[in-house]
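Participant: Structure: start.cif, mmCIF, C-alpha atoms.
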data_final
#
loop_
_atom_site.label_atom_id
_atom_site.label_comp_id
_atom_site.auth_asym_id
_atom_site.auth_seq_id
_atom_site.Cartn_x
_atom_site.Cartn_y
_atom_site.Cartn_z
CA MET A 1 -42.34 87.18 1.32
CA ALA A 2 -43.14 90.44 3.19
CA HIS A 3 -45.78 92.68 1.66
CA LYS A 4 -44.89 96.17 0.48
CA SER A 5 -46.54 99.05 2.32
CA HIS A 6 -46.24 101.67 -0.46
CA PHE A 7 -46.83 101.34 -4.20
CA SER A 8 -45.54 103.49 -7.04
CA LEU A 9 -47.99 104.60 -9.72
CA ASP A 10 -46.89 103.73 -13.23
CA VAL A 11 -45.40 106.61 -15.24
CA GLY A 12 -48.01 106.01 -17.93
CA TRP A 13 -50.89 107.27 -15.78
CA GLN A 14 -50.51 110.91 -16.79
CA LEU A 15 -50.82 110.02 -20.47
CA LEU A 16 -53.72 107.63 -19.87
CA LEU A 17 -55.69 110.25 -17.93
CA LYS A 18 -55.03 112.79 -20.68
CA ASP A 19 -56.28 110.38 -23.34
CA LEU A 20 -59.39 109.63 -21.26
CA GLY A 21 -60.16 113.32 -20.84
CA LEU A 22 -59.86 113.09 -17.06
CA PRO A 23 -57.88 116.01 -15.56
CA SER A 24 -55.36 114.45 -13.20
CA ARG A 25 -55.75 117.31 -10.71
CA HIS A 26 -59.49 116.55 -10.41
CA VAL A 27 -58.88 112.85 -9.84
CA LEU A 28 -56.17 113.48 -7.26
CA ARG A 29 -58.28 116.07 -5.47
CA ARG A 30 -61.16 113.60 -5.20
CA ALA A 31 -58.73 111.03 -3.82
CA LEU A 32 -57.40 113.56 -1.26
CA LEU A 33 -53.92 113.19 -2.71
CA PRO A 34 -51.32 115.88 -3.52
CA GLU A 35 -51.68 117.28 -7.03
CA ASP A 36 -48.09 116.34 -7.88
CA THR A 37 -48.58 112.68 -6.93
CA LEU A 38 -48.14 111.46 -10.52
CA SER A 39 -44.92 113.38 -11.07
CA ARG A 40 -43.14 112.93 -7.74
CA GLU A 41 -40.21 110.54 -7.71
CA ASN A 42 -39.66 107.99 -4.96
CA HIS A 43 -43.18 108.51 -3.69
CA GLY A 44 -45.60 105.66 -3.16
CA LEU A 45 -49.23 105.25 -2.17
CA THR A 46 -50.41 103.27 0.82
CA THR A 47 -53.02 100.58 0.23
CA ASP A 48 -55.80 102.94 1.36
CA GLU A 49 -54.50 105.73 -0.88
CA TYR A 50 -54.28 103.34 -3.82
CA PHE A 51 -57.94 102.37 -3.51
CA ARG A 52 -58.94 106.02 -2.95
CA PHE A 53 -57.17 106.89 -6.20
CA TRP A 54 -59.06 104.19 -8.06
CA ARG A 55 -62.47 105.15 -6.61
CA ALA A 56 -61.74 108.76 -7.56
CA LEU A 57 -61.13 107.57 -11.16
CA GLU A 58 -64.53 105.86 -11.15
CA GLN A 59 -66.30 108.93 -9.78
CA GLU A 60 -64.59 111.34 -12.15
CA ALA A 61 -65.32 109.12 -15.18
CA ASN A 62 -68.94 108.44 -14.11
CA ASP A 63 -69.23 105.75 -16.77
CA LEU A 64 -69.92 102.03 -16.35
CA LEU A 65 -67.76 101.38 -19.41
CA PHE A 66 -64.84 103.35 -17.98
CA PRO A 67 -62.70 100.18 -17.44
CA LEU A 68 -62.90 99.28 -21.12
CA ARG A 69 -62.29 102.87 -22.21
CA LEU A 70 -59.14 102.86 -20.10
CA ILE A 71 -57.90 99.55 -21.48
CA GLU A 72 -58.58 100.64 -25.05
CA THR A 73 -56.21 103.60 -24.58
CA VAL A 74 -53.35 101.19 -23.85
CA SER A 75 -51.12 100.84 -26.89
CA SER A 76 -47.52 100.15 -27.78
CA GLU A 77 -47.10 103.92 -28.14
CA VAL A 78 -47.66 104.46 -24.40
CA PHE A 79 -44.28 104.38 -22.72
CA SER A 80 -44.54 102.07 -19.76
CA PRO A 81 -41.52 99.97 -18.74
CA PRO A 82 -43.58 96.90 -17.72
CA LEU A 83 -45.72 97.07 -20.88
CA PHE A 84 -42.55 97.37 -22.97
CA ALA A 85 -40.98 94.38 -21.21
CA ALA A 86 -44.16 92.37 -21.69
CA LEU A 87 -44.40 93.21 -25.40
CA CYS A 88 -40.77 92.15 -25.87
CA SER A 89 -41.61 88.70 -24.48
CA PRO A 90 -41.87 85.74 -26.87
CA ASP A 91 -45.43 84.90 -25.85
CA LEU A 92 -48.19 85.52 -23.31
CA MET A 93 -46.83 82.94 -20.88
CA ARG A 94 -43.49 84.71 -20.55
CA ALA A 95 -45.12 88.14 -20.51
CA VAL A 96 -47.35 87.16 -17.61
CA GLN A 97 -44.41 85.80 -15.65
CA ARG A 98 -42.60 89.11 -16.06
CA LEU A 99 -45.65 91.18 -15.16
CA ALA A 100 -46.38 89.11 -12.05
CA LYS A 101 -43.16 90.41 -10.50
CA TYR A 102 -43.99 93.98 -11.43
CA LYS A 103 -47.60 93.94 -10.22
CA ALA A 104 -46.55 93.41 -6.61
CA LEU A 105 -44.46 96.60 -6.80
CA VAL A 106 -47.16 98.94 -8.08
CA ALA A 107 -50.37 97.68 -6.47
CA PRO A 108 -51.45 95.95 -3.24
CA MET A 109 -51.90 92.69 -5.09
CA SER A 110 -50.21 89.57 -6.34
CA LEU A 111 -50.96 87.66 -9.53
CA GLU A 112 -51.69 83.97 -9.17
CA ILE A 113 -50.86 81.94 -12.28
CA SER A 114 -52.01 78.38 -12.83
CA VAL A 115 -51.59 76.20 -15.89
CA GLY A 116 -54.06 73.40 -16.55
CA SER A 117 -53.29 69.91 -17.76
CA TRP A 118 -54.23 70.97 -21.31
CA GLY A 119 -51.99 74.01 -21.22
CA ASP A 120 -54.68 76.62 -20.58
CA MET A 121 -53.55 79.43 -18.25
CA THR A 122 -55.65 81.08 -15.53
CA LEU A 123 -54.69 84.41 -13.98
CA SER A 124 -56.22 85.67 -10.74
CA PRO A 125 -55.36 88.94 -8.96
CA ARG A 126 -55.25 88.52 -5.17
CA TRP A 127 -55.46 91.64 -3.06
CA GLN A 128 -53.16 92.29 -0.15
CA GLY A 129 -54.63 91.44 3.22
CA GLY A 130 -57.65 89.78 1.61
CA HIS A 131 -59.11 93.20 0.80
CA THR A 132 -62.82 92.71 0.05
CA GLU A 133 -63.80 96.20 -1.16
CA VAL A 134 -61.86 96.27 -4.40
CA PRO A 135 -63.82 98.24 -7.03
CA VAL A 136 -65.25 95.98 -9.73
CA SER A 137 -63.87 98.33 -12.37
CA LEU A 138 -60.32 97.78 -11.05
CA GLN A 139 -60.76 94.02 -11.21
CA VAL A 140 -62.12 94.28 -14.75
CA VAL A 141 -59.10 96.36 -15.79
CA GLU A 142 -56.65 93.88 -14.29
CA LEU A 143 -58.19 91.08 -16.36
CA ALA A 144 -58.85 93.09 -19.52
CA PHE A 145 -55.25 94.30 -19.63
CA PHE A 146 -54.02 90.80 -20.52
CA VAL A 147 -56.50 90.52 -23.39
CA ARG A 148 -55.36 93.90 -24.71
CA LEU A 149 -51.70 92.95 -24.30
CA ALA A 150 -52.15 89.72 -26.27
CA GLN A 151 -54.08 91.50 -29.02
CA ILE A 152 -51.44 94.22 -29.41
CA ALA A 153 -48.55 91.76 -29.41
CA THR A 154 -50.06 89.16 -31.77
CA ARG A 155 -52.34 91.39 -33.90
CA GLU A 156 -54.95 88.67 -33.47
CA ALA A 157 -58.47 88.88 -31.99
CA ILE A 158 -57.50 87.07 -28.80
CA CYS A 159 -60.44 86.18 -26.54
CA ALA A 160 -60.67 84.66 -23.09
CA VAL A 161 -61.93 81.13 -22.51
CA ARG A 162 -63.43 81.94 -19.10
CA VAL A 163 -63.87 85.09 -17.01
CA THR A 164 -65.15 85.35 -13.45
CA LEU A 165 -65.82 88.41 -11.29
CA PRO A 166 -67.05 88.69 -7.68
CA ALA A 167 -69.74 91.12 -8.91
CA LEU A 168 -71.19 91.61 -12.36
CA PRO A 169 -71.31 95.01 -14.11
CA ALA A 170 -74.79 96.52 -14.06
CA GLY A 171 -77.27 96.63 -16.91
CA LYS A 172 -76.19 96.67 -20.54
CA ALA A 173 -72.57 97.23 -19.52
CA LEU A 174 -72.32 93.49 -18.89
CA GLN A 175 -73.02 92.74 -22.56
CA ARG A 176 -70.33 95.20 -23.64
CA TYR A 177 -67.82 93.59 -21.28
CA GLU A 178 -68.67 90.13 -22.57
CA ARG A 179 -68.15 91.27 -26.16
CA PHE A 180 -64.73 92.59 -25.19
CA PHE A 181 -63.68 89.36 -23.47
CA GLY A 182 -65.34 87.17 -26.10
CA THR A 183 -67.02 84.98 -23.51
CA ALA A 184 -69.70 85.07 -20.83
CA ILE A 185 -68.72 86.50 -17.44
CA THR A 186 -69.71 84.40 -14.45
CA LEU A 187 -69.86 85.10 -10.74
CA GLY A 188 -66.98 83.73 -8.70
CA THR A 189 -65.28 84.24 -5.37
CA HIS A 190 -62.24 85.79 -7.05
CA ALA A 191 -61.69 87.62 -10.32
CA SER A 192 -59.95 85.40 -12.86
CA ILE A 193 -59.37 85.02 -16.58
CA THR A 194 -58.40 81.91 -18.53
CA PHE A 195 -56.66 81.76 -21.91
CA SER A 196 -56.42 78.73 -24.19
CA ALA A 197 -53.15 76.85 -24.59
CA VAL A 198 -52.97 78.01 -28.21
CA ASP A 199 -53.18 81.68 -27.25
CA VAL A 200 -50.85 81.30 -24.27
CA LEU A 201 -48.03 80.17 -26.60
CA ARG A 202 -49.03 82.19 -29.67
CA PRO A 203 -45.83 84.04 -30.75
CA PHE A 204 -45.67 87.76 -30.03
CA LEU A 205 -44.86 89.72 -33.17
CA THR A 206 -43.37 92.36 -30.88
CA SER A 207 -40.89 89.90 -29.35
CA ASN A 208 -37.40 91.31 -28.85
CA GLU A 209 -35.34 89.39 -26.32
CA GLY A 210 -32.35 91.64 -26.93
CA MET A 211 -34.28 94.62 -25.60
#
For this file, produce the structure as structure tokens.

Facilitator:
Amino acid sequence: MAHKSHFSLDVGWQLLLKDLGLPSRHVLRRALLPEDTLSRENHGLTTDEYFRFWRALEQEANDLLFPLRLIETVSSEVFSPPLFAALCSPDLMRAVQRLAKYKALVAPMSLEISVGSWGDMTLSPRWQGGHTEVPVSLQVVELAFFVRLAQIATREAICAVRVTLPALPAGKALQRYERFFGTAITLGTHASITFSAVDVLRPFLTSNEGM
């Protein structure tokens, strides 16, 4: 399948930045992007612009725990079509399958999904063109989002079974990340997160197939 060349930012970004206390105009200025980028329709970012936007977020936040702060702002109250569709799924397995299609539309990445012989599920973001300079914070967010999704939808303290990153967060931030994921983070060639078979099929209380 041909790769997309432009990616649309999710409509929820304006609200997320507001909740994080990061003025969108400052972030966009750092990224050398037009100040109306988040409100323009039918406008997408190139791969380079996408990564510039994310590095600008890091610089503006200036906080090693920024990825977790961002994820913790995600809630069922934030209107985001893909989040809504995921929350309406019957379980994490179906939610991930739906989100995998969406991810390729809004970021220069694809989501690899593998299910082990015992039913555990591993998710691994793969960056378009084998991009090797993906900010660690972005990779953390991509993995942490699925933990947050499962926790919101099940109202249970869902934890990962395994987490790998191509670079570890510095200093005490690593301990905070490991508390969030509920497991040690190990070095690996690619970022990945694994959920147990029980949590993969744990019913979503937010399930609504009619919606």

Participant: Could you give me, as a PyMOL selection string, the residues that have an atom at most 9 Å away from the point (-69.7, 97.1, -15.3) in the coordinates of the file, using only C-alpha atoms?

Facilitator: chain A and resi 63-67+136-137+140+167-174+176-177

Participant: If I take CA of Thr186 (chain A) and CA of Arg162 (chain A), how far is one from the other in Å, to one decimal?

Facilitator: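 Between these atoms lies a distance of 8.2 Å.
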
Participant: Which residue out of A:Leu205, A:Leu138, A:Ile71, A:Cys159 has the minimum interatomic distance to Ala86 (chain A) when only C-alpha atoms are used?

Facilitator: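 Checking each of A:Leu205, A:Leu138, A:Ile71, A:Cys159 against Ala86 (chain A), counting only C-alpha atoms, the winner is A:Leu205.
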
Participant: Would you work out the distance separating CA of Pro125 (chain A) from CA of Glu112 (chain A), expressed in Å to one decimal?

Facilitator: 6.2 Å

Participant: Which residues, written as a list in words, have at least one atom at most 9 Å from Arg98 (chain A), with all atoms listed in the file counted and residues fewer than 2 positions away on the same chain left out?

Facilitator: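 Those residues are Pro82, Ala85, Ala86, Ser89, Met93, Arg94, Ala95, Val96, Ala100, Lys101 and Tyr102 of chain A.
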
Participant: What does the PyMOL selection byres ((chain A and resi 209) around 10) select in this file, as an MDAnalysis selection string?

Facilitator: chainID A and resid 85 87:90 206:208 210:211

Participant: Once the PyMOL selection byres ((chain A and resi 115-122) around 10) has been evaluated on this model, what residues remain selected, and can you format them as an NGL selection string?

Facilitator: :A and (92-93 or 96 or 112-114 or 123-124 or 160-163 or 192-201)

Participant: Here is a test: counting all atoms listed in the file, which residue of A:Pro203, A:Gly44, A:Pro108, A:Pro166 is nearest to His6 (chain A)?

Facilitator: A:Gly44

Participant: From the options A:Ser24, A:Gln14, A:Thr73, A:Gln59, which residue's atoms come nearest to Ile152 (chain A), counting all atoms listed in the file?

Facilitator: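 Of A:Ser24, A:Gln14, A:Thr73, A:Gln59, the one nearest Ile152 (chain A), counting all atoms listed in the file, is A:Thr73.
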
Participant: Kindly provide, as JSON, the centre and edge lengths (Å, one decimal) of an axis-aligned box around all atoms of region 45-53 of chain A given in the file, with 4 Å on each side.

Facilitator:
{"center_x": -54.1, "center_y": 103.7, "center_z": -2.4, "size_x": 17.7, "size_y": 14.3, "size_z": 15.6}

Participant: Mind pulling up the distance from CA of Leu83 (chain A) to CA of Arg148 (chain A)?

Facilitator: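 Straight-line distance from CA of Arg148 (chain A) to CA of Leu83 (chain A) works out to 10.8 Å.
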
Participant: Give me the residues near Thr47 (chain A) as an NGL selection string, where near means some atom within 9 Å (using only C-alpha atoms) and where sequence neighbours in that chain fewer than 5 positions away do not count.

Facilitator: :A and (5-7 or 52 or 107-108 or 128)

Participant: Go ahead and find all residues with at least one atom no further than 8 Å from (-64.0, 111.4, -14.0) in the file's coordinates, using all atoms listed in the file; report them as a ChimeraX atom specification.

Facilitator: /A:22-23,26-27,56-62

Participant: Counting all atoms listed in the file, figure out which residue out of A:Leu33, A:Leu9, A:Leu38, A:Val74 gets nearest to Leu149 (chain A).

Facilitator: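 Closest residue, counting all atoms listed in the file: A:Val74.
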
Participant: Determine the nearest neighbour of Phe145 (chain A) from the options A:Ala104, A:Ile158, A:Leu20, A:Thr189, counting all atoms listed in the file.

Facilitator: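 Among the listed residues, the smallest separation from Phe145 (chain A) belongs to A:Ile158.
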
Participant: Evaluated on this file, the PyMOL selection byres ((chain A and resi 126) around 6) picks out some residues - which ones are they, written as a PyMOL selection string?

Facilitator: chain A and resi 109-110+125+127

Participant: Using all atoms listed in the file, which residue out of A:Arg202, A:Arg155, A:Arg69, A:Arg29 lies closest to Glu49 (chain A)?

Facilitator: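 That would be A:Arg29, the residue with the smallest distance to Glu49 (chain A).
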